[in-house]
file data_15.txt (compact mmCIF, C-alpha atoms)
# COMPACT_ATOMS: atom_id res chain seq x y z
CA MET A 16 114.24 61.79 122.28
CA LYS A 17 111.59 64.49 122.62
CA PHE A 18 112.43 67.97 121.42
CA LYS A 19 112.37 70.72 124.06
CA VAL A 20 110.08 73.75 123.85
CA LEU A 21 110.36 76.82 126.07
CA TYR A 22 107.18 78.88 126.26
CA TYR A 23 106.82 82.67 126.66
CA VAL A 24 103.60 84.31 127.89
CA ASN A 25 102.55 87.60 129.52
CA GLN A 26 101.25 88.10 133.06
CA PHE A 27 97.67 87.44 132.01
CA PHE A 28 98.20 84.16 130.18
CA GLY A 29 100.82 83.25 132.80
CA GLN A 30 97.94 83.35 135.29
CA ILE A 31 99.62 85.92 137.52
CA GLY A 32 97.00 88.62 137.04
CA GLY A 33 95.57 91.32 134.80
CA GLU A 34 96.62 94.91 134.23
CA GLU A 35 97.60 95.40 137.84
CA GLU A 36 100.40 92.87 137.28
CA ALA A 37 101.54 94.23 133.90
CA GLY A 38 104.60 95.77 135.56
CA MET A 39 105.98 92.42 136.82
CA ALA A 40 109.56 91.47 135.98
CA PRO A 41 110.04 88.15 134.17
CA VAL A 42 109.96 84.87 136.09
CA PHE A 43 110.65 81.34 134.95
CA LYS A 44 108.60 78.34 136.06
CA LYS A 45 109.54 74.78 135.28
CA GLU A 46 105.93 73.87 134.58
CA ASN A 47 103.39 74.34 131.82
CA ILE A 48 101.20 77.34 132.50
CA GLY A 49 98.29 78.74 130.51
CA PRO A 50 98.59 78.06 126.77
CA ALA A 51 101.79 76.09 127.42
CA LEU A 52 99.66 73.37 128.99
CA GLY A 53 97.43 72.89 125.96
CA PHE A 54 100.40 73.25 123.66
CA ASN A 55 102.31 70.51 125.45
CA GLY A 56 99.37 68.16 124.95
CA LEU A 57 99.37 68.86 121.22
CA LEU A 58 103.00 67.81 120.87
CA GLY A 59 102.16 64.23 121.84
CA GLU A 60 105.17 61.95 121.97
CA GLU A 61 107.30 64.13 119.74
CA GLY A 62 108.16 66.99 122.04
CA GLU A 63 107.51 68.63 125.41
CA VAL A 64 107.30 72.06 126.95
CA VAL A 65 110.02 72.25 129.61
CA GLY A 66 108.99 75.52 131.22
CA THR A 67 107.14 78.82 130.99
CA LEU A 68 108.67 82.29 130.98
CA ILE A 69 106.21 84.90 132.24
CA CYS A 70 106.76 88.64 131.94
CA GLY A 71 104.49 91.65 132.46
CA ASP A 72 103.71 93.46 129.20
CA ASN A 73 104.47 96.89 130.60
CA TYR A 74 107.68 95.65 132.19
CA PHE A 75 108.92 94.17 128.95
CA ASN A 76 108.20 97.26 126.91
CA GLU A 77 109.45 99.75 129.46
CA ASN A 78 112.56 97.79 130.50
CA LYS A 79 113.34 95.82 127.38
CA GLU A 80 117.06 95.42 128.08
CA GLU A 81 116.64 94.11 131.63
CA ALA A 82 113.74 91.87 130.61
CA LEU A 83 115.67 90.36 127.72
CA GLU A 84 118.77 89.85 129.81
CA TYR A 85 116.83 87.65 132.22
CA ILE A 86 114.89 85.89 129.48
CA MET A 87 117.98 85.16 127.40
CA ASN A 88 119.80 83.78 130.44
CA VAL A 89 116.95 81.40 131.19
CA ILE A 90 116.87 80.28 127.57
CA LYS A 91 120.63 79.70 127.49
CA GLU A 92 120.44 77.63 130.67
CA SER A 93 117.46 75.54 129.56
CA ASN A 94 118.89 75.07 126.09
CA PRO A 95 115.56 74.43 124.28
CA ASP A 96 115.25 73.38 120.65
CA ILE A 97 112.57 75.93 119.89
CA ILE A 98 110.78 78.88 121.53
CA VAL A 99 107.03 79.39 121.37
CA ALA A 100 105.58 82.79 122.34
CA GLY A 101 101.97 83.88 122.70
CA PRO A 102 99.75 83.84 120.74
CA ALA A 103 99.30 87.56 121.38
CA PHE A 104 96.14 87.99 119.27
CA ASN A 105 95.54 91.76 118.92
CA ALA A 106 97.22 92.76 122.21
CA GLY A 107 99.76 95.36 121.13
CA ARG A 108 102.16 95.34 124.07
CA TYR A 109 102.08 91.54 124.25
CA GLY A 110 102.76 91.40 120.51
CA MET A 111 105.72 93.75 120.88
CA ALA A 112 107.06 91.54 123.69
CA CYS A 113 106.69 88.33 121.65
CA SER A 114 108.42 90.08 118.77
CA GLY A 115 111.22 91.35 121.03
CA VAL A 116 111.85 87.87 122.42
CA ALA A 117 111.69 86.32 118.96
CA ASN A 118 114.20 88.68 117.41
CA ALA A 119 116.66 88.39 120.30
CA VAL A 120 116.48 84.59 120.32
CA ILE A 121 116.83 84.23 116.56
CA ASP A 122 119.61 86.81 116.22
CA GLU A 123 121.71 85.80 119.22
CA LEU A 124 121.04 82.10 119.71
CA ASN A 125 119.83 81.00 116.31
CA ILE A 126 116.96 79.06 117.88
CA PRO A 127 113.71 79.09 115.84
CA VAL A 128 110.66 80.91 117.23
CA VAL A 129 106.99 80.32 116.54
CA THR A 130 104.40 82.82 117.74
CA GLY A 131 100.88 83.90 116.81
CA MET A 132 99.28 87.28 116.18
CA TYR A 133 96.30 88.99 114.63
CA ILE A 134 97.23 90.59 111.33
CA GLU A 135 96.90 94.13 112.76
CA ASN A 136 99.06 93.50 115.84
CA PRO A 137 101.74 96.24 115.94
CA GLY A 138 104.33 93.61 116.94
CA LEU A 139 103.94 91.74 113.68
CA ASP A 140 106.04 93.83 111.31
CA SER A 141 109.19 93.74 113.40
CA CYS A 142 109.34 89.93 113.62
CA ARG A 143 107.45 88.41 110.69
CA ALA A 144 110.53 88.06 108.51
CA LYS A 145 112.44 86.00 111.08
CA ALA A 146 109.90 84.20 113.25
CA ILE A 147 107.01 82.08 112.05
CA VAL A 148 103.91 84.07 113.03
CA VAL A 149 100.67 82.11 112.88
CA GLU A 150 97.68 84.23 111.93
CA THR A 151 95.11 84.32 114.73
CA THR A 152 91.81 86.02 115.42
CA ASP A 153 91.85 89.36 117.25
CA SER A 154 90.86 87.93 120.63
CA ALA A 155 91.78 85.02 122.89
CA ALA A 156 88.60 83.28 121.77
CA GLY A 157 90.78 82.01 118.91
CA MET A 158 93.16 80.13 121.21
CA ARG A 159 91.72 76.69 120.39
CA LYS A 160 92.22 77.29 116.70
CA ALA A 161 95.66 78.90 116.97
CA LEU A 162 97.44 76.34 119.15
CA PRO A 163 97.09 73.31 116.85
CA VAL A 164 98.34 75.35 113.89
CA MET A 165 101.33 76.52 115.92
CA ALA A 166 102.01 73.01 117.22
CA ASN A 167 101.86 71.56 113.74
CA ILE A 168 104.42 74.08 112.48
CA VAL A 169 106.69 73.46 115.46
CA LYS A 170 106.61 69.70 114.82
CA LYS A 171 107.45 70.19 111.16
CA LEU A 172 110.34 72.51 111.98
CA MET A 173 111.71 70.05 114.51
CA LYS A 174 111.61 67.27 111.95
CA ASN A 175 113.43 69.53 109.51
CA GLU A 176 110.47 69.34 107.16
CA GLU A 177 110.06 72.20 104.78
CA LEU A 178 107.07 74.41 105.57
CA GLY A 179 104.46 74.86 102.88
CA LEU A 180 103.27 78.24 101.68
CA PRO A 181 101.92 80.62 104.33
CA ALA A 182 98.27 80.19 103.34
CA GLU A 183 98.57 76.39 103.46
CA GLU A 184 100.27 76.21 106.85
CA GLY A 185 98.39 79.09 108.48
CA TYR A 186 101.23 81.53 109.10
CA ILE A 187 101.68 85.10 107.96
CA SER A 188 103.83 85.64 104.90
CA GLN A 189 107.47 86.34 105.75
CA GLY A 190 107.99 88.39 102.63
CA LYS A 191 110.36 85.84 101.11
CA ARG A 192 110.50 85.05 97.42
CA LEU A 193 110.69 81.35 96.68
CA THR A 194 111.53 79.44 93.56
CA VAL A 195 108.60 77.24 92.62
CA LEU A 196 108.53 74.89 89.66
CA SER A 197 105.55 75.28 87.40
CA ASP A 198 104.49 73.37 84.33
CA LYS A 199 103.33 76.59 82.67
CA ARG A 200 105.76 79.25 81.60
CA GLY A 201 105.54 82.84 82.87
CA SER A 202 103.84 84.41 79.87
CA ARG A 203 101.12 81.79 79.97
CA ARG A 204 100.52 82.31 83.72
CA ALA A 205 100.41 86.08 83.30
CA VAL A 206 97.83 85.86 80.51
CA ASP A 207 95.77 83.40 82.58
CA MET A 208 95.72 85.88 85.43
CA LEU A 209 94.75 88.71 83.15
CA LEU A 210 91.90 86.68 81.65
CA ALA A 211 90.68 85.70 85.11
CA ARG A 212 90.73 89.31 86.15
CA LEU A 213 88.81 90.42 83.08
CA THR A 214 86.10 87.87 83.76
CA ASP A 215 85.96 88.68 87.49
CA GLU A 216 87.28 85.27 88.46
CA PRO A 217 89.60 84.81 91.44
CA PHE A 218 93.35 84.72 90.78
CA GLU A 219 96.41 84.95 92.93
CA THR A 220 99.39 87.14 92.13
CA GLU A 221 102.80 85.48 92.34
CA LEU A 222 104.42 88.67 93.58
CA PRO A 223 102.29 90.81 95.87
CA MET A 224 103.40 94.43 95.85
CA PRO A 225 104.38 95.87 99.22
CA VAL A 226 102.06 98.55 100.52
CA PHE A 227 103.83 101.71 101.59
CA ASP A 228 101.71 104.30 103.24
CA LYS A 229 103.82 107.01 104.71
CA VAL A 230 102.69 110.54 105.32
CA ASP A 231 105.38 113.17 104.89
CA PRO A 232 106.07 115.26 107.97
CA ALA A 233 103.90 118.38 107.92
CA PRO A 234 105.78 121.69 107.93
CA ALA A 235 106.66 123.01 111.38
CA ILE A 236 104.78 125.80 113.13
CA LYS A 237 106.63 129.03 112.38
CA ASP A 238 105.57 131.04 115.40
CA LEU A 239 104.41 129.05 118.41
CA SER A 240 103.29 132.19 120.25
CA LYS A 241 100.57 132.76 117.66
CA SER A 242 99.57 129.13 117.24
CA THR A 243 96.52 127.16 118.32
CA ILE A 244 97.40 123.71 119.67
CA ALA A 245 94.88 120.88 120.01
CA LEU A 246 95.12 118.00 122.46
CA VAL A 247 94.08 114.49 121.39
CA THR A 248 94.47 111.20 123.26
CA SER A 249 93.89 107.50 122.74
CA GLY A 250 94.08 107.05 126.52
CA GLY A 251 90.31 106.89 127.04
CA MET A 252 90.04 110.16 129.04
CA VAL A 253 86.40 111.19 129.30
CA PRO A 254 84.29 113.44 131.54
CA HIS A 255 82.99 111.59 134.59
CA GLY A 256 80.06 109.38 133.63
CA ASN A 257 81.38 108.89 130.07
CA PRO A 258 78.47 110.85 128.49
CA ASP A 259 79.08 109.53 124.95
CA ARG A 260 79.59 105.97 126.14
CA ILE A 261 82.93 105.51 124.40
CA GLN A 262 83.93 101.84 124.52
CA SER A 263 86.68 100.80 126.94
CA ALA A 264 88.23 98.57 124.24
CA SER A 265 87.82 98.16 120.47
CA ALA A 266 86.43 101.69 120.25
CA GLN A 267 83.70 102.39 117.74
CA LYS A 268 83.73 106.16 118.24
CA TRP A 269 85.57 109.19 119.58
CA GLY A 270 84.39 112.12 121.64
CA LYS A 271 85.19 115.82 121.89
CA TYR A 272 84.73 117.96 124.95
CA ASP A 273 84.88 121.70 125.50
CA VAL A 274 87.88 122.45 127.70
CA SER A 275 88.04 126.19 127.02
CA GLY A 276 86.94 126.99 130.57
CA ARG A 277 89.21 124.45 132.27
CA GLU A 278 92.73 124.76 133.65
CA ALA A 279 93.32 121.00 133.68
CA LEU A 280 91.57 117.70 133.06
CA THR A 281 92.03 116.80 136.72
CA GLY A 282 88.79 117.15 138.62
CA GLU A 283 86.23 116.26 136.00
CA TYR A 284 87.84 113.54 133.92
CA CYS A 285 88.68 109.86 134.32
CA THR A 286 89.79 107.06 132.00
CA ILE A 287 87.57 104.31 130.67
CA HIS A 288 90.50 102.66 128.80
CA GLY A 289 90.46 98.92 129.49
CA GLY A 290 94.09 98.29 128.57
CA PHE A 291 96.06 99.69 131.49
CA ASP A 292 95.85 100.07 135.25
CA PRO A 293 93.76 103.27 135.62
CA VAL A 294 94.77 104.20 139.19
CA TYR A 295 97.43 106.80 138.28
CA ALA A 296 95.45 108.24 135.38
CA ASN A 297 92.35 108.70 137.51
CA GLU A 298 94.37 110.35 140.29
CA ILE A 299 95.71 113.00 137.88
CA PRO A 300 94.16 112.73 134.38
CA ASP A 301 96.70 115.25 133.05
CA ARG A 302 99.27 112.46 133.39
CA VAL A 303 97.63 111.00 130.30
CA ALA A 304 96.54 114.16 128.49
CA PRO A 305 98.49 117.18 129.77
CA LEU A 306 95.89 119.93 129.36
CA ASP A 307 97.28 121.61 132.50
CA MET A 308 100.65 122.26 130.87
CA LEU A 309 99.21 123.48 127.58
CA LYS A 310 97.10 126.00 129.53
CA GLU A 311 100.19 126.98 131.48
CA PHE A 312 102.17 127.59 128.28
CA GLN A 313 99.26 129.61 126.94
CA LYS A 314 99.34 131.81 130.06
CA GLU A 315 103.07 132.27 129.67
CA GLY A 316 102.58 133.28 126.05
CA VAL A 317 104.65 130.37 124.71
CA ILE A 318 101.67 129.29 122.60
CA GLY A 319 98.82 131.45 121.37
CA ASN A 320 95.88 129.29 122.30
CA VAL A 321 94.74 125.84 123.34
CA PHE A 322 92.02 124.61 120.98
CA GLU A 323 88.66 124.74 122.72
CA TYR A 324 87.90 121.05 122.18
CA PHE A 325 89.78 118.08 123.54
CA TYR A 326 89.47 114.89 121.44
CA THR A 327 89.55 111.42 122.92
CA THR A 328 89.04 107.74 122.24
CA THR A 329 90.30 104.35 123.44
CA GLY A 330 93.33 102.89 121.69
CA THR A 331 93.26 99.33 122.96
CA GLY A 332 92.09 96.66 120.52
CA THR A 333 90.75 99.37 118.21
CA SER A 334 90.98 98.25 114.59
CA VAL A 335 93.25 99.96 112.12
CA GLY A 336 90.14 100.67 110.04
CA ASN A 337 88.46 102.58 112.88
CA SER A 338 91.68 104.39 113.79
CA ILE A 339 91.96 105.66 110.23
CA LYS A 340 88.32 106.75 110.32
CA PHE A 341 88.73 108.55 113.67
CA GLY A 342 91.92 110.27 112.52
CA THR A 343 90.31 111.39 109.27
CA GLU A 344 87.24 112.78 111.06
CA ILE A 345 89.17 114.52 113.83
CA GLY A 346 91.78 115.87 111.40
CA LYS A 347 89.04 117.36 109.22
CA GLU A 348 87.56 119.25 112.17
CA LEU A 349 90.97 120.51 113.28
CA LYS A 350 91.86 121.62 109.78
CA GLU A 351 88.58 123.49 109.34
CA ALA A 352 89.00 125.15 112.72
CA GLY A 353 92.46 126.39 111.72
CA VAL A 354 94.38 124.44 114.37
CA ASP A 355 98.15 124.84 113.80
CA GLY A 356 99.51 121.83 115.64
CA VAL A 357 98.43 118.73 117.56
CA ILE A 358 99.73 116.80 120.55
CA LEU A 359 98.44 113.23 120.63
CA THR A 360 99.18 111.10 123.66
CA SER A 361 98.92 107.32 123.81
CA THR A 362 98.99 104.89 126.70
CA MET B 14 95.08 108.59 113.98
CA VAL B 15 98.42 110.43 114.01
CA LYS B 16 99.03 109.72 110.34
CA GLU B 17 95.54 110.68 109.21
CA ILE B 18 95.65 113.98 111.09
CA GLU B 19 99.06 114.77 109.61
CA ARG B 20 97.70 114.02 106.15
CA TYR B 21 95.79 117.31 106.43
CA GLY B 22 99.15 119.07 106.65
CA ILE B 23 98.86 119.78 110.37
CA PRO B 24 102.08 118.99 112.28
CA ILE B 25 101.42 116.45 115.03
CA VAL B 26 103.64 115.10 117.76
CA HIS B 27 103.00 111.64 119.19
CA MET B 28 103.76 111.30 122.90
CA SER B 29 104.03 107.58 123.62
CA THR B 30 105.98 105.14 125.73
CA ILE B 31 106.51 102.39 123.18
CA THR B 32 108.15 104.49 120.50
CA THR B 33 108.63 101.45 118.25
CA ILE B 34 104.83 101.21 117.92
CA SER B 35 104.73 104.92 117.34
CA GLU B 36 107.15 104.56 114.43
CA SER B 37 105.39 101.53 113.00
CA VAL B 38 102.09 103.43 112.82
CA GLY B 39 103.75 106.23 110.90
CA ALA B 40 104.29 109.05 113.41
CA ASN B 41 106.96 111.52 112.27
CA ARG B 42 107.45 113.62 115.41
CA ILE B 43 107.76 111.52 118.56
CA VAL B 44 108.30 112.36 122.22
CA PRO B 45 109.09 109.27 124.33
CA THR B 46 107.08 109.20 127.54
CA ILE B 47 107.46 107.70 131.01
CA ALA B 48 105.20 104.65 131.30
CA ILE B 49 102.03 103.21 129.80
CA PRO B 50 99.65 104.00 132.70
CA TYR B 51 101.13 107.52 133.17
CA PRO B 52 102.80 108.68 129.97
CA VAL B 53 103.14 112.32 130.96
CA GLY B 54 103.69 111.99 134.70
CA ASN B 55 105.29 109.91 137.37
CA PRO B 56 103.42 109.11 140.60
CA ASN B 57 106.70 108.03 142.24
CA LEU B 58 107.97 111.61 142.26
CA PRO B 59 107.04 114.34 144.73
CA GLU B 60 104.28 116.60 143.39
CA ASN B 61 106.49 119.53 142.39
CA GLU B 62 109.02 117.30 140.59
CA GLU B 63 106.26 115.53 138.69
CA TYR B 64 104.91 118.92 137.67
CA THR B 65 108.31 120.01 136.35
CA LEU B 66 108.73 116.70 134.53
CA ARG B 67 105.37 117.06 132.77
CA LYS B 68 106.12 120.64 131.86
CA LYS B 69 109.45 119.66 130.33
CA MET B 70 107.86 116.89 128.29
CA VAL B 71 105.13 119.13 126.90
CA GLU B 72 107.80 121.74 126.17
CA ARG B 73 109.67 119.10 124.19
CA ALA B 74 106.48 118.28 122.27
CA LEU B 75 106.00 121.97 121.41
CA LYS B 76 109.62 122.17 120.31
CA GLY B 77 108.90 119.20 118.03
CA LEU B 78 105.99 121.06 116.43
CA ASN B 79 108.28 124.05 116.01
CA THR B 80 111.05 122.08 114.25
CA GLU B 81 111.22 121.32 110.53
CA ILE B 82 111.97 117.63 109.94
CA LYS B 83 112.53 115.45 106.90
CA GLU B 84 112.25 112.03 108.58
CA VAL B 85 111.06 110.35 111.78
CA THR B 86 112.52 112.33 114.67
CA GLN B 87 112.43 111.85 118.43
CA PHE B 88 112.44 114.94 120.60
call {"tool": "encode", "arguments": {"input": "data_15.txt", "output": "structure tokens"}}
result
Amino acid sequence: MKFKVLYYVNQFFGQIGGEEEAGMAPVFKKENIGPALGFNGLLGEEGEVVGTLICGDNYFNENKEEALEYIMNVIKESNPDIIVAGPAFNAGRYGMACSGVANAVIDELNIPVVTGMYIENPGLDSCRAKAIVVETTDSAAGMRKALPVMANIVKKLMKNEELGLPAEEGYISQGKRLTVLSDKRGSRRAVDMLLARLTDEPFETELPMPVFDKVDPAPAIKDLSKSTIALVTSGGMVPHGNPDRIQSASAQKWGKYDVSGREALTGEYCTIHGGFDPVYANEIPDRVAPLDMLKEFQKEGVIGNVFEYFYTTTGTGTSVGNSIKFGTEIGKELKEAGVDGVILTST
Amino acid sequence: MVKEIERYGIPIVHMSTITTISESVGANRIVPTIAIPYPVGNPNLPENEEYTLRKKMVERALKGLNTEIKEVTQF
């Protein structure tokens, strides 16, 4: 008998539509849609995809409880052997949705979940320990490569075969420690590694150290009424015409604009962000970066001053490396200018 | 970006809708917002109500900057 796979995708891969459909509530279709179609083909005679769950990325993240209630009901009724979600590549909201589905399914129903993500996807950390997350490229161009790796893992899991190490099978490490038999004892292996390191040869640690990078909360502003507050956004708000040509996705730069003479962003600004439906932001740009309210609080004397420059970039698909660079550069300017506090809005 | 700006010792509040992402990228002061395409607004409300809503949210953000914290805190 073939094993049964239920497939989860977002509105885009579910072929409903782009950003304008990101608010759609989940639906279930008893057919193979988008990646589910290719995936079904890869299962051959061993298994089959019995249906596709499609949910808008914004809907899932903004109404997680309602979305999961529907999704879990469908899963309970269809009673699949395994759930496959994504791959979400570097799409943050899609990654969070795949992770949300994976955790709920594994915790409540004890059904295994296989998904796929780019290593920087913000959804990865919350599900990597429980789900099997195949490492993908950062864009959907990697679909052809990702699906066979995912299918292979699904087939192994369904045959109760033990998975090999993450690097061999193509998934992202779950952070588990395994017992492995070796013909060399520990001291020997450690010295071998040390020698390799000394001679600049490649070696692989048996216990990678976790990387913790937390920044302690900065001290609070003592007296708001004397403070200068800066406004920063990753919502892609730029003056009309986008003078610095900031990218609408995978930003390579940020911009700063003098807002000292303005009462609000509305009127001269619009968004070039390619990751959300821009209609509401373009209607009233202060819905994304509330310069109007900061100016209002300045007038009322609640804060001392609004910093003369407004900083902006696009958050969607932007690499962690660039985000660190932008933050470091913007922070340096704010520090040197004596800014006391920052409000950063994200879409 | 939030984390790198805070590294300079400047308090920063992150206003975002998906607060789980906000936490995973290392924000310490967080104000949950309304929706991804309009974090600090709501086009479904009449103009004056939306204005009040936005004002309240920014007020919350300022309160966050004005509050000493030891760990991740939502305002």
call {"tool": "closest_residue", "arguments": {"input": "data_15.txt", "among": "A:Pro41, A:Lys19, A:Asp231, A:Thr328", "to": "A:Gln267", "atoms": "only C-alpha atoms"}}
result
A:Thr328
call {"tool": "closest_residue", "arguments": {"input": "data_15.txt", "among": "A:Leu172, A:Leu239, A:Ala37, A:Val65", "to": "A:Ala112", "atoms": "all atoms listed in the file"}}
result
A:Ala37
call {"tool": "atom_distance", "arguments": {"input": "data_15.txt", "atom1": "atom CA of A:Tyr85", "atom2": "atom CA of A:Gly56"}}
result
27.2 Å
call {"tool": "residues_around", "arguments": {"input": "data_15.txt", "residues": "B:Asn55", "least_positions_apart": "4", "cutoff": "9 Å", "atoms": "all atoms listed in the file", "output": "number ranges by chain"}}
result
A: 295, 302; B: 47-48, 51, 59, 62-63, 66-67
call {"tool": "write_last_selection", "arguments": {"input": "data_15.txt", "atoms": "C-alpha atoms", "output": "PDB file, in the frame of the given file"}}
result
ATOM      1  CA  TYR A 295      97.430 106.800 138.280  1.00  0.00           C
ATOM      2  CA  ARG A 302      99.270 112.460 133.390  1.00  0.00           C
TER       3      ARG A 302
ATOM      4  CA  ILE B  47     107.460 107.700 131.010  1.00  0.00           C
ATOM      5  CA  ALA B  48     105.200 104.650 131.300  1.00  0.00           C
ATOM      6  CA  TYR B  51     101.130 107.520 133.170  1.00  0.00           C
ATOM      7  CA  PRO B  59     107.040 114.340 144.730  1.00  0.00           C
ATOM      8  CA  GLU B  62     109.020 117.300 140.590  1.00  0.00           C
ATOM      9  CA  GLU B  63     106.260 115.530 138.690  1.00  0.00           C
ATOM     10  CA  LEU B  66     108.730 116.700 134.530  1.00  0.00           C
ATOM     11  CA  ARG B  67     105.370 117.060 132.770  1.00  0.00           C
TER      12      ARG B  67
END
call {"tool": "interface_residues", "arguments": {"input": "data_15.txt", "of": "chain B", "to": "chain A", "cutoff": "6 Å", "atoms": "only C-alpha atoms", "output": "compact mmCIF listing (two decimals) with C-alpha atoms, in the coordinates of the input"}}
result
# COMPACT_ATOMS: atom_id res chain seq x y z
CA MET B 14 95.08 108.59 113.98
CA GLU B 17 95.54 110.68 109.21
CA ILE B 18 95.65 113.98 111.09
CA GLY B 22 99.15 119.07 106.65
CA ILE B 23 98.86 119.78 110.37
CA PRO B 24 102.08 118.99 112.28
CA ILE B 25 101.42 116.45 115.03
CA VAL B 26 103.64 115.10 117.76
CA HIS B 27 103.00 111.64 119.19
CA MET B 28 103.76 111.30 122.90
CA SER B 29 104.03 107.58 123.62
CA ASN B 41 106.96 111.52 112.27
CA ILE B 49 102.03 103.21 129.80
CA PRO B 50 99.65 104.00 132.70
CA TYR B 51 101.13 107.52 133.17
CA PRO B 52 102.80 108.68 129.97
CA VAL B 53 103.14 112.32 130.96
CA GLY B 54 103.69 111.99 134.70
CA LYS B 68 106.12 120.64 131.86
CA LEU B 78 105.99 121.06 116.43
CA ASN B 79 108.28 124.05 116.01
CA THR B 80 111.05 122.08 114.25
CA GLU B 81 111.22 121.32 110.53
call {"tool": "atom_distance", "arguments": {"input": "data_15.txt", "atom1": "atom CA of A:Gly101", "atom2": "atom CA of A:Phe28"}}
result
8.4 Å
call {"tool": "closest_residue", "arguments": {"input": "data_15.txt", "among": "A:Asp122, A:Glu35, A:Leu21, A:Gly190", "to": "A:Asn47", "atoms": "all atoms listed in the file"}}
result
A:Leu21
call {"tool": "atom_distance", "arguments": {"input": "data_15.txt", "atom1": "atom CA of B:Gly39", "atom2": "atom CA of A:Ala266"}}
result
20.2 Å
call {"tool": "closest_residue", "arguments": {"input": "data_15.txt", "among": "A:Asn175, A:Ser334, A:Thr130, A:Ser188", "to": "A:Ala161", "atoms": "all atoms listed in the file"}}
result
A:Thr130
